[in-house]
$ cat protein34.cif   # mmCIF, C-alpha atoms and all ligand atoms
data_query
loop_
_atom_site.label_atom_id
_atom_site.label_comp_id
_atom_site.auth_asym_id
_atom_site.auth_seq_id
_atom_site.Cartn_x
_atom_site.Cartn_y
_atom_site.Cartn_z
CA MET A 1 0.00 0.00 0.00
CA PRO A 2 1.40 3.44 -0.80
CA SER A 3 2.17 5.67 2.17
CA ASN A 4 -0.58 8.13 1.22
CA ALA A 5 -3.14 5.29 1.31
CA PRO A 6 -6.39 6.08 3.15
CA ALA A 7 -6.91 4.86 6.74
CA PRO A 8 -7.32 1.08 6.78
CA LEU A 9 -10.77 -0.46 6.93
CA LEU A 10 -9.54 -2.77 9.67
CA ASP A 11 -6.64 -1.92 11.95
CA VAL A 12 -5.72 -4.69 14.38
CA ARG A 13 -3.13 -3.79 17.01
CA GLU A 14 -1.57 -6.21 19.49
CA LEU A 15 -4.62 -8.45 19.63
CA SER A 16 -4.20 -11.16 22.26
CA VAL A 17 -6.64 -13.89 23.23
CA SER A 18 -6.25 -16.15 26.27
CA PHE A 19 -8.55 -18.89 27.47
CA ARG A 20 -8.86 -19.98 31.08
CA SER A 21 -8.13 -23.63 31.72
CA ARG A 22 -7.76 -25.24 35.16
CA GLY A 23 -7.13 -21.91 36.80
CA ARG A 24 -4.44 -20.84 34.30
CA MET A 25 -4.67 -18.49 31.36
CA ILE A 26 -3.64 -20.10 28.06
CA PRO A 27 -2.32 -17.46 25.64
CA VAL A 28 -3.64 -18.75 22.31
CA VAL A 29 -3.13 -15.59 20.23
CA GLU A 30 -0.36 -13.16 21.20
CA ARG A 31 0.02 -9.54 20.10
CA VAL A 32 -1.18 -9.94 16.55
CA SER A 33 -1.22 -6.78 14.41
CA PHE A 34 -2.28 -6.23 10.82
CA THR A 35 -4.26 -3.88 8.64
CA LEU A 36 -6.72 -4.47 5.85
CA HIS A 37 -7.68 -1.82 3.32
CA GLU A 38 -10.84 -1.46 1.31
CA GLY A 39 -10.92 -3.92 -1.58
CA GLU A 40 -7.83 -5.77 -0.34
CA ILE A 41 -7.54 -9.53 0.07
CA LEU A 42 -5.33 -10.57 2.97
CA GLY A 43 -4.38 -14.22 3.36
CA LEU A 44 -4.05 -15.49 6.93
CA VAL A 45 -2.12 -18.74 6.87
CA GLY A 46 -0.72 -21.09 9.49
CA GLU A 47 -0.80 -24.67 10.73
CA SER A 48 -3.79 -26.21 12.42
CA GLY A 49 -4.11 -24.79 15.92
CA SER A 50 -2.05 -21.67 15.16
CA GLY A 51 -4.97 -19.43 16.12
CA LYS A 52 -6.38 -18.36 12.75
CA SER A 53 -10.02 -19.01 13.62
CA VAL A 54 -9.62 -17.64 17.13
CA THR A 55 -8.20 -14.43 15.62
CA ALA A 56 -11.15 -14.16 13.22
CA MET A 57 -13.73 -14.94 15.89
CA ALA A 58 -12.14 -12.43 18.26
CA LEU A 59 -12.30 -9.74 15.56
CA MET A 60 -16.00 -10.29 15.18
CA GLY A 61 -16.68 -10.46 18.92
CA LEU A 62 -17.82 -14.06 18.51
CA ILE A 63 -15.89 -15.61 21.40
CA ASP A 64 -18.14 -16.04 24.38
CA THR A 65 -16.15 -18.70 26.24
CA PRO A 66 -16.36 -17.93 29.97
CA GLY A 67 -13.14 -16.46 31.32
CA VAL A 68 -11.73 -15.52 27.89
CA GLN A 69 -9.41 -12.50 27.97
CA ILE A 70 -9.17 -10.37 24.85
CA SER A 71 -6.84 -7.39 24.76
CA GLY A 72 -5.45 -5.01 22.17
CA SER A 73 -7.35 -2.97 19.66
CA VAL A 74 -9.49 -3.77 16.62
CA LEU A 75 -10.51 -0.62 14.80
CA PHE A 76 -13.11 -1.21 12.11
CA GLN A 77 -14.00 1.89 10.10
CA GLY A 78 -12.62 3.83 13.05
CA HIS A 79 -14.79 2.05 15.65
CA GLU A 80 -13.19 0.04 18.44
CA LEU A 81 -14.59 -3.49 18.44
CA VAL A 82 -12.71 -4.80 21.49
CA GLY A 83 -15.07 -4.26 24.39
CA MET A 84 -18.00 -3.22 22.17
CA GLY A 85 -21.38 -4.39 23.47
CA GLN A 86 -22.92 -7.52 21.93
CA ARG A 87 -25.92 -5.58 20.60
CA GLN A 88 -23.74 -3.21 18.61
CA LEU A 89 -21.53 -6.06 17.44
CA ARG A 90 -24.57 -8.02 16.24
CA ARG A 91 -25.65 -5.01 14.25
CA LEU A 92 -22.23 -4.87 12.57
CA ARG A 93 -22.19 -8.58 11.81
CA GLY A 94 -24.36 -9.38 8.87
CA SER A 95 -24.40 -5.75 7.81
CA ARG A 96 -20.88 -4.37 7.54
CA ILE A 97 -18.89 -7.48 8.49
CA ALA A 98 -19.80 -10.97 7.33
CA MET A 99 -18.20 -14.33 7.82
CA ILE A 100 -18.23 -17.52 5.79
CA PHE A 101 -17.06 -20.87 7.05
CA GLN A 102 -15.52 -24.04 5.66
CA ASP A 103 -18.75 -25.97 6.04
CA PRO A 104 -21.76 -24.14 4.60
CA MET A 105 -24.09 -26.53 6.41
CA THR A 106 -23.23 -24.67 9.61
CA ALA A 107 -24.47 -21.40 8.05
CA PHE A 108 -27.85 -22.73 6.90
CA THR A 109 -30.68 -24.22 8.92
CA PRO A 110 -31.71 -27.48 7.22
CA VAL A 111 -35.47 -26.90 7.60
CA TYR A 112 -35.82 -23.73 5.48
CA THR A 113 -34.98 -23.12 1.83
CA VAL A 114 -31.72 -21.27 1.18
CA GLY A 115 -33.69 -18.49 -0.52
CA TRP A 116 -35.86 -17.99 2.54
CA GLN A 117 -32.78 -17.79 4.75
CA ILE A 118 -31.07 -15.22 2.51
CA ASP A 119 -34.36 -13.23 2.32
CA GLU A 120 -34.50 -13.20 6.13
CA GLN A 121 -30.95 -11.89 6.35
CA ILE A 122 -31.84 -9.03 3.99
CA LEU A 123 -35.10 -8.30 5.83
CA ALA A 124 -33.29 -8.17 9.17
CA HIS A 125 -31.09 -5.33 7.98
CA GLU A 126 -33.10 -3.42 5.40
CA ARG A 127 -36.56 -1.95 5.06
CA VAL A 128 -37.66 -3.84 1.97
CA SER A 129 -40.67 -6.02 1.20
CA ARG A 130 -40.35 -9.80 1.11
CA LYS A 131 -40.81 -9.65 -2.65
CA GLN A 132 -37.97 -7.14 -3.01
CA ALA A 133 -35.80 -9.26 -0.71
CA ARG A 134 -36.43 -12.33 -2.86
CA ALA A 135 -35.59 -10.43 -6.04
CA ARG A 136 -32.30 -9.40 -4.42
CA THR A 137 -31.64 -12.98 -3.28
CA ILE A 138 -32.08 -14.24 -6.83
CA THR A 139 -29.77 -11.54 -8.22
CA LEU A 140 -27.11 -12.37 -5.62
CA LEU A 141 -27.29 -16.10 -6.33
CA GLY A 142 -26.99 -15.31 -10.04
CA ASP A 143 -23.97 -13.08 -9.33
CA MET A 144 -22.38 -15.99 -7.49
CA GLY A 145 -22.64 -18.10 -10.63
CA VAL A 146 -25.56 -20.23 -9.47
CA PRO A 147 -27.41 -21.53 -12.54
CA ASP A 148 -31.20 -21.10 -12.37
CA PRO A 149 -31.02 -18.98 -9.19
CA ALA A 150 -34.81 -18.80 -8.71
CA ARG A 151 -35.03 -22.57 -8.51
CA THR A 152 -31.95 -22.79 -6.27
CA ALA A 153 -33.55 -20.25 -3.93
CA ASP A 154 -36.45 -22.68 -3.48
CA SER A 155 -34.12 -25.57 -2.62
CA TYR A 156 -33.26 -26.85 0.83
CA PRO A 157 -29.55 -26.82 1.76
CA HIS A 158 -29.20 -30.63 1.51
CA GLN A 159 -30.55 -30.56 -2.06
CA LEU A 160 -27.56 -28.52 -3.28
CA SER A 161 -24.05 -29.72 -4.13
CA GLY A 162 -21.17 -28.60 -1.89
CA GLY A 163 -20.08 -25.97 -4.42
CA MET A 164 -23.62 -24.57 -4.79
CA ARG A 165 -24.10 -24.44 -1.02
CA GLN A 166 -20.81 -22.55 -0.75
CA ARG A 167 -21.96 -20.06 -3.38
CA ALA A 168 -25.28 -19.69 -1.58
CA MET A 169 -23.45 -19.05 1.70
CA ILE A 170 -21.32 -16.36 0.05
CA ALA A 171 -24.51 -14.85 -1.42
CA MET A 172 -25.99 -14.77 2.08
CA ALA A 173 -22.83 -13.21 3.49
CA LEU A 174 -22.88 -10.55 0.78
CA SER A 175 -26.60 -9.90 1.02
CA CYS A 176 -26.02 -6.71 3.00
CA ASN A 177 -22.98 -5.47 1.05
CA PRO A 178 -20.49 -5.98 3.88
CA ALA A 179 -17.33 -3.88 3.76
CA LEU A 180 -15.41 -6.81 5.23
CA LEU A 181 -15.81 -10.49 4.50
CA ILE A 182 -13.99 -12.96 6.73
CA ALA A 183 -13.69 -16.30 4.95
CA ASP A 184 -12.44 -19.15 7.16
CA GLU A 185 -11.15 -21.96 4.92
CA PRO A 186 -13.97 -21.41 2.43
CA THR A 187 -12.69 -23.86 -0.19
CA THR A 188 -11.06 -26.65 1.79
CA ALA A 189 -13.98 -29.05 1.39
CA LEU A 190 -14.41 -28.43 -2.34
CA ASP A 191 -12.88 -30.13 -5.36
CA VAL A 192 -10.21 -28.32 -7.38
CA THR A 193 -12.46 -26.95 -10.13
CA VAL A 194 -15.10 -25.62 -7.73
CA GLN A 195 -12.36 -24.26 -5.48
CA ALA A 196 -10.90 -22.27 -8.39
CA GLN A 197 -14.37 -20.88 -9.20
CA ILE A 198 -14.98 -19.81 -5.59
CA LEU A 199 -11.56 -18.11 -5.46
CA ASP A 200 -12.41 -16.29 -8.68
CA LEU A 201 -15.58 -15.13 -6.99
CA MET A 202 -13.58 -13.81 -4.02
CA ARG A 203 -11.27 -11.88 -6.32
CA ASN A 204 -14.25 -10.34 -8.08
CA LEU A 205 -15.84 -9.15 -4.83
CA ARG A 206 -13.57 -6.14 -4.69
CA THR A 207 -14.72 -4.90 -8.07
CA THR A 208 -18.37 -5.86 -7.79
CA TYR A 209 -18.94 -5.09 -4.11
CA GLY A 210 -15.80 -3.20 -3.04
CA SER A 211 -15.44 -5.67 -0.16
CA ALA A 212 -12.17 -6.40 1.62
CA VAL A 213 -11.55 -10.07 2.36
CA LEU A 214 -9.65 -11.74 5.19
CA LEU A 215 -9.05 -15.16 3.66
CA ILE A 216 -8.02 -17.84 6.13
CA THR A 217 -6.36 -20.82 4.54
CA HIS A 218 -3.76 -23.51 5.11
CA ASP A 219 -2.89 -23.46 1.41
CA MET A 220 -0.03 -21.22 0.22
CA GLY A 221 -1.07 -21.96 -3.38
CA VAL A 222 -4.42 -20.32 -2.68
CA VAL A 223 -2.65 -17.35 -1.08
CA ALA A 224 -0.38 -16.96 -4.13
CA GLU A 225 -3.33 -16.98 -6.51
CA THR A 226 -5.72 -14.84 -4.52
CA CYS A 227 -4.21 -12.57 -1.89
CA ASP A 228 -2.62 -9.12 -2.22
CA ASN A 229 -0.97 -9.46 1.17
CA THR A 230 0.03 -12.42 3.29
CA PHE A 231 0.09 -12.88 7.03
CA VAL A 232 1.72 -16.01 8.45
CA LEU A 233 0.77 -17.02 11.98
CA TYR A 234 2.91 -19.48 13.93
CA SER A 235 1.83 -20.81 17.32
CA GLY A 236 -0.40 -17.79 17.94
CA ARG A 237 2.29 -15.26 17.04
CA MET A 238 3.01 -13.32 13.89
CA ALA A 239 5.76 -14.97 11.86
CA GLU A 240 5.71 -12.85 8.73
CA THR A 241 3.60 -10.28 6.98
CA GLY A 242 3.93 -8.42 3.69
CA PRO A 243 2.85 -8.12 0.09
CA THR A 244 2.29 -11.63 -1.27
CA SER A 245 4.70 -11.11 -4.17
CA ALA A 246 7.50 -10.05 -1.76
CA VAL A 247 6.81 -12.78 0.81
CA PHE A 248 6.88 -15.42 -1.91
CA ALA A 249 9.94 -14.02 -3.67
CA ARG A 250 11.96 -13.43 -0.53
CA PRO A 251 10.54 -15.02 2.61
CA GLY A 252 12.04 -13.57 5.78
CA HIS A 253 11.03 -16.41 8.11
CA PRO A 254 12.17 -20.03 7.77
CA TYR A 255 8.62 -21.21 8.55
CA THR A 256 7.22 -19.27 5.59
CA ALA A 257 10.04 -20.58 3.42
CA ALA A 258 9.25 -24.16 4.44
CA LEU A 259 5.58 -23.64 3.58
CA LEU A 260 6.53 -22.19 0.21
CA ALA A 261 8.83 -25.08 -0.55
CA SER A 262 5.94 -27.51 -0.34
CA ILE A 263 3.28 -25.81 -2.48
CA PRO A 264 1.70 -28.39 -4.77
CA PRO A 265 0.99 -27.37 -8.38
CA MET A 266 -2.31 -25.47 -8.69
CA ASP A 267 -3.69 -28.03 -11.13
CA GLY A 268 -2.87 -31.00 -8.89
CA PRO A 269 -4.76 -32.32 -5.87
CA ARG A 270 -4.98 -29.74 -3.08
CA PRO A 271 -3.79 -30.63 0.42
CA HIS A 272 -6.34 -30.89 3.20
CA ARG A 273 -3.83 -29.63 5.73
CA LEU A 274 -0.63 -27.67 5.51
CA PRO A 275 2.31 -29.61 4.08
CA ALA A 276 4.19 -31.49 6.78
CA ILE A 277 7.17 -29.80 8.37
CA ALA A 278 9.13 -32.00 10.75
CA GLY A 279 8.00 -31.63 14.37
CA LEU A 280 5.00 -29.91 15.89
CA PRO A 281 4.34 -26.33 16.99
CA PRO A 282 4.65 -25.91 20.76
CA ALA A 283 1.54 -25.85 22.93
CA PRO A 284 0.84 -22.27 24.09
CA LEU A 285 2.10 -22.91 27.62
CA GLU A 286 5.25 -24.58 26.30
CA ARG A 287 6.39 -21.87 23.91
CA PRO A 288 10.13 -21.40 24.36
CA ALA A 289 11.40 -18.14 25.84
CA GLY A 290 12.97 -17.33 22.50
CA CYS A 291 11.58 -17.89 19.03
CA ALA A 292 8.66 -20.34 19.08
CA PHE A 293 9.86 -21.91 15.82
CA ALA A 294 13.38 -22.61 17.14
CA PRO A 295 12.85 -26.33 17.96
CA ARG A 296 11.93 -26.96 14.31
CA CYS A 297 14.20 -24.46 12.61
CA SER A 298 17.32 -25.67 10.87
CA TYR A 299 18.71 -22.11 11.03
CA ALA A 300 18.32 -21.80 14.82
CA HIS A 301 21.41 -20.54 16.56
CA ALA A 302 22.38 -18.96 19.87
CA ALA A 303 20.90 -15.55 19.03
CA CYS A 304 17.42 -17.07 18.60
CA LEU A 305 17.15 -18.81 21.93
CA PRO A 306 17.31 -16.48 24.94
CA ALA A 307 14.51 -14.09 24.05
CA PRO A 308 12.03 -13.69 21.22
CA PRO A 309 13.50 -11.87 18.22
CA PRO A 310 12.65 -8.19 17.98
CA ALA A 311 8.88 -8.25 17.46
CA LEU A 312 9.24 -7.89 13.69
CA VAL A 313 12.28 -7.29 11.55
CA ARG A 314 11.98 -5.30 8.34
CA VAL A 315 12.61 -7.43 5.26
CA GLY A 316 11.41 -4.95 2.63
CA THR A 317 8.73 -2.34 2.03
CA ALA A 318 5.75 -3.26 4.27
CA HIS A 319 7.37 -6.68 4.63
CA GLN A 320 8.39 -7.92 8.08
CA ALA A 321 9.36 -11.18 9.74
CA ALA A 322 9.75 -12.27 13.36
CA CYS A 323 13.20 -13.75 12.80
CA VAL A 324 16.79 -12.68 13.38
CA LEU A 325 18.01 -13.87 9.96
CA PRO A 326 16.96 -10.76 8.01
CA LEU A 327 18.80 -8.69 10.66
CA GLU A 328 21.89 -10.76 10.07
CA GLY A 329 21.53 -10.52 6.31
CA THR A 330 21.05 -14.27 5.83
CA PRO A 331 19.04 -14.81 2.64
CA LEU A 332 16.31 -17.43 2.66
CA THR A 333 14.93 -18.96 -0.46
CA PRO A 334 12.14 -21.51 -0.70
CA SER A 335 14.44 -23.98 -2.48
CA VAL A 336 17.19 -23.74 0.15
CA MET A 337 14.65 -24.10 2.94
CA GLY A 338 12.92 -26.98 1.18
CA ARG A 339 16.10 -29.03 1.40
CA ASP A 340 16.71 -28.06 4.98
CA ALA A 341 13.16 -28.68 6.13
CA ALA A 342 12.79 -32.06 4.42
N1 LIG B 1 -13.08 -21.69 23.14
C1 LIG B 1 -11.85 -22.17 23.32
N2 LIG B 1 -11.39 -22.47 24.54
C2 LIG B 1 -10.13 -22.93 24.74
N3 LIG B 1 -9.24 -23.13 23.74
C3 LIG B 1 -9.65 -22.84 22.49
C4 LIG B 1 -10.96 -22.35 22.20
N4 LIG B 1 -11.07 -22.15 20.87
C5 LIG B 1 -9.87 -22.52 20.35
N5 LIG B 1 -9.03 -22.91 21.32
C6 LIG B 1 -7.63 -23.36 21.12
O1 LIG B 1 -6.95 -22.33 20.46
C7 LIG B 1 -5.96 -22.86 19.57
C8 LIG B 1 -6.13 -22.20 18.21
O2 LIG B 1 -7.32 -22.69 17.63
P1 LIG B 1 -7.85 -22.20 16.21
O3 LIG B 1 -9.16 -22.88 16.03
O4 LIG B 1 -7.83 -20.74 16.13
O5 LIG B 1 -6.77 -22.79 15.23
P2 LIG B 1 -6.74 -22.66 13.64
O6 LIG B 1 -5.47 -21.99 13.29
O7 LIG B 1 -8.00 -22.06 13.15
O8 LIG B 1 -6.63 -24.20 13.22
P3 LIG B 1 -7.34 -25.02 12.01
O9 LIG B 1 -6.44 -24.83 10.82
O10 LIG B 1 -7.34 -26.43 12.50
O11 LIG B 1 -8.73 -24.48 11.80
C9 LIG B 1 -6.17 -24.37 19.57
O12 LIG B 1 -5.18 -24.93 20.39
C10 LIG B 1 -7.53 -24.55 20.16
O13 LIG B 1 -7.62 -25.77 20.86
S1 LIG B 2 14.62 -16.49 14.97
FE1 LIG B 2 16.10 -18.19 14.77
S2 LIG B 2 14.92 -20.03 15.34
FE2 LIG B 2 13.45 -18.40 14.91
S3 LIG B 2 12.90 -18.69 12.80
FE3 LIG B 2 14.58 -17.19 12.84
S4 LIG B 2 16.45 -18.42 12.60
FE4 LIG B 2 14.82 -19.84 13.11
MG MG B 3 -9.61 -22.75 12.05
#

$ encode --input "protein34.cif" --output "structure tokens" --more "lines below"
Ligand SMILES: Nc1ncnc2c1ncn2[C@@H]1O[C@H](COP(=O)(O)OP(=O)(O)OP(=O)(O)O)[C@@H](O)[C@H]1O
Ligand code: SF4
Ligand SMILES: [Mg+2]
Amino acid sequence: MPSNAPAPLLDVRELSVSFRSRGRMIPVVERVSFTLHEGEILGLVGESGSGKSVTAMALMGLIDTPGVQISGSVLFQGHELVGMGQRQLRRLRGSRIAMIFQDPMTAFTPVYTVGWQIDEQILAHERVSRKQARARTITLLGDMGVPDPARTADSYPHQLSGGMRQRAMIAMALSCNPALLIADEPTTALDVTVQAQILDLMRNLRTTYGSAVLLITHDMGVVAETCDNTFVLYSGRMAETGPTSAVFARPGHPYTAALLASIPPMDGPRPHRLPAIAGLPPAPLERPAGCAFAPRCSYAHAACLPAPPPALVRVGTAHQAACVLPLEGTPLTPSVMGRDAA
């Protein structure tokens, strides 16, 4: 983003989320910061359990686990969401912020037609007649590439294929023209062709609806194809963030480099989880004093161990990594890291 860019749509600063367990606080997400501008697609990537969904749910005020502690700041269109009352948050969700999930069955109630459910969403936020709402539902389904949208609107969720249900869920999410769409693994359950169509749809949202998208995925191939910027989360902490082209050309964190080294070809079968990297991320309470990736990092050396690296080290313009290597001038390339990580 150029320096004279307008204020971000979403400005997340030092967001931390801890859950209480057996009298202790478990720090699941620690001091995560990022921005998202209007019309931008940001890819949030990381291994299972790294805190991607918790980050997204915290942004939307959707964590109601007793004893949860959320700190930091989430400014959305200039409004602070951390600490905002549930009533106000509910008003924002489904109007200016919408979320889609991996499994569209969780978004739809099985006993009503998808059209009726999208109509209801529109009626809850706008003063329009049921007939007008249905017309809008049909247009939205058509925009999402659903063939015969009027007939699809009259179908029950279980009567649609996975790809059609996903399109219907995106239509429902977009029914109120949200400024921000949070998509949590929206294509993982779909086959390659449908996945490519859904990603196309996401890319088109910025032109058709002007929406910004936070796209959560475990698939670096999807990030490469779809996202302007990339944000890598490792064990609840930021590992790397920057423009996708820069992160992919010159990763600043060995974890990112290892992920890049294992991207399957876009036309081959897609992985259901991130490619395997030897070892496991540490549990939140067992994170080492220094870099959390150190036990798995073939570049780890004395400077990494005593304390976490400086929060983020500059790798390039708007490109930062939580690693000492860029400070030391050690270049990382996906191919070098691929050999080391194997
Ligand atoms: N309500 C909760 N209470 C306690 N711990 C939780 C809660 N929700 C999530 N966690 C823990 O937080 C960690 C991060 O979970 P999260 O679901 O955000 O991971 P993720 O990156 O989305 O993984 P995946 O790729 O599998 O979806 C996990 O260890 C999980 O067990
Ligand atoms: S700080 Fe050290 S251990 Fe951590 S990723 Fe960088 S080189 Fe590896
Ligand atoms: Mg998740």

$ closest_residue --input "protein34.cif" --among "A:Ile70, A:Val29, A:Ala292, A:Ile216" --to "ligand MG 3 (chain B)" --atoms "all atoms listed in the file"
A:Ile216

$ residues_near_ligand --input "protein34.cif" --ligand "ligand LIG 2 (chain B)" --cutoff "7 Å" --atoms "only C-alpha atoms and all ligand atoms" --output "ChimeraX atom specification"
/A:253-255,291-294,297-301,303-304,309,322-325

$ residues_near_ligand --input "protein34.cif" --ligand "ligand MG 3 (chain B)" --cutoff "9 Å" --atoms "only C-alpha atoms and all ligand atoms" --output "CSV table (one decimal) with C-alpha atoms, keeping the file's coordinate frame"
chain,number,residue,atom,x,y,z
A,48,SER,CA,-3.8,-26.2,12.4
A,49,GLY,CA,-4.1,-24.8,15.9
A,50,SER,CA,-2.0,-21.7,15.2
A,51,GLY,CA,-5.0,-19.4,16.1
A,52,LYS,CA,-6.4,-18.4,12.8
A,53,SER,CA,-10.0,-19.0,13.6
A,54,VAL,CA,-9.6,-17.6,17.1
A,56,ALA,CA,-11.2,-14.2,13.2
A,102,GLN,CA,-15.5,-24.0,5.7
A,184,ASP,CA,-12.4,-19.2,7.2
A,185,GLU,CA,-11.2,-22.0,4.9
A,216,ILE,CA,-8.0,-17.8,6.1
A,217,THR,CA,-6.4,-20.8,4.5

$ closest_residue --input "protein34.cif" --among "A:Ser235, A:Thr187, A:Thr317, A:Ser95" --to "ligand LIG 1 (chain B)" --atoms "only C-alpha atoms and all ligand atoms"
A:Ser235

$ closest_residue --input "protein34.cif" --among "A:Ala196, A:Ala246, A:Met202, A:Leu285" --to "ligand LIG 1 (chain B)" --atoms "only C-alpha atoms and all ligand atoms"
A:Leu285

$ closest_residue --input "protein34.cif" --among "A:Val12, A:Ile277, A:Val146, A:Ala183" --to "ligand LIG 1 (chain B)" --atoms "only C-alpha atoms and all ligand atoms"
A:Ala183

$ atom_distance --input "protein34.cif" --atom1 "CA of His37 in chain A" --atom2 "CA of Asp200 in chain A"
19.4 Å

$ closest_residue --input "protein34.cif" --among "A:Arg314, A:Arg296, A:Arg136, A:His319" --to "Gly242 in chain A" --atoms "all atoms listed in the file"
A:His319

$ residues_around --input "protein34.cif" --residues "Pro8 in chain A" --least-positions-apart "6" --cutoff "8 Å" --atoms "all atoms listed in the file" --output "count of residues only"
5

$ atom_distance --input "protein34.cif" --atom1 "CA of Thr226 in chain A" --atom2 "CA of Leu15 in chain A"
25.0 Å

$ atom_distance --input "protein34.cif" --atom1 "atom P3 of ligand LIG 1 (chain B)" --atom2 "CA of Leu259 in chain A"
15.5 Å

$ closest_residue --input "protein34.cif" --among "A:Gly94, A:Pro306, A:Gly23, A:Gly221" --to "Val45 in chain A" --atoms "all atoms listed in the file"
A:Gly221

$ residues_around --input "protein34.cif" --residues "Arg91 in chain A" --least-positions-apart "4" --cutoff "12 Å" --atoms "all atoms listed in the file" --output "PDB file with C-alpha atoms, keeping the file's coordinate frame"
ATOM      1  CA  MET A  60     -16.000 -10.290  15.180  1.00  0.00           C
ATOM      2  CA  GLY A  61     -16.680 -10.460  18.920  1.00  0.00           C
ATOM      3  CA  LEU A  81     -14.590  -3.490  18.440  1.00  0.00           C
ATOM      4  CA  MET A  84     -18.000  -3.220  22.170  1.00  0.00           C
ATOM      5  CA  GLY A  85     -21.380  -4.390  23.470  1.00  0.00           C
ATOM      6  CA  GLN A  86     -22.920  -7.520  21.930  1.00  0.00           C
ATOM      7  CA  ARG A  87     -25.920  -5.580  20.600  1.00  0.00           C
ATOM      8  CA  SER A  95     -24.400  -5.750   7.810  1.00  0.00           C
ATOM      9  CA  ARG A  96     -20.880  -4.370   7.540  1.00  0.00           C
ATOM     10  CA  ILE A  97     -18.890  -7.480   8.490  1.00  0.00           C
ATOM     11  CA  ALA A  98     -19.800 -10.970   7.330  1.00  0.00           C
ATOM     12  CA  GLN A 121     -30.950 -11.890   6.350  1.00  0.00           C
ATOM     13  CA  ALA A 124     -33.290  -8.170   9.170  1.00  0.00           C
ATOM     14  CA  HIS A 125     -31.090  -5.330   7.980  1.00  0.00           C
ATOM     15  CA  GLU A 126     -33.100  -3.420   5.400  1.00  0.00           C
ATOM     16  CA  CYS A 176     -26.020  -6.710   3.000  1.00  0.00           C
ATOM     17  CA  PRO A 178     -20.490  -5.980   3.880  1.00  0.00           C
TER      18      PRO A 178
END

$ residues_around --input "protein34.cif" --residues "Glu40 in chain A" --least-positions-apart "2" --cutoff "10 Å" --atoms "only C-alpha atoms" --output "PyMOL selection string"
chain A and resi 1+8-9+35-38+42-43+180+203+205-206+210-214+227-229

$ residues_around --input "protein34.cif" --residues "Leu332 in chain A" --least-positions-apart "5" --cutoff "8 Å" --atoms "all atoms listed in the file" --output "JSON list (two decimals) with C-alpha atoms, keeping the file's coordinate frame"
[["chain", "number", "residue", "atom", "x", "y", "z"],
["A", 250, "ARG", "CA", 11.96, -13.43, -0.53],
["A", 251, "PRO", "CA", 10.54, -15.02, 2.61],
["A", 252, "GLY", "CA", 12.04, -13.57, 5.78],
["A", 253, "HIS", "CA", 11.03, -16.41, 8.11],
["A", 254, "PRO", "CA", 12.17, -20.03, 7.77],
["A", 257, "ALA", "CA", 10.04, -20.58, 3.42],
["A", 337, "MET", "CA", 14.65, -24.10, 2.94]]

$ axis_aligned_box --input "protein34.cif" --around "ligand LIG 1 (chain B)" --padding-each-side "8 Å" --output "JSON"
{"center_x": -9.1, "center_y": -23.6, "center_z": 17.8, "size_x": 23.9, "size_y": 21.7, "size_z": 29.9}

$ residues_around --input "protein34.cif" --residues "Phe19 in chain A" --least-positions-apart "4" --cutoff "8 Å" --atoms "only C-alpha atoms" --output "number ranges by chain"
A: 25-28, 65, 67-69
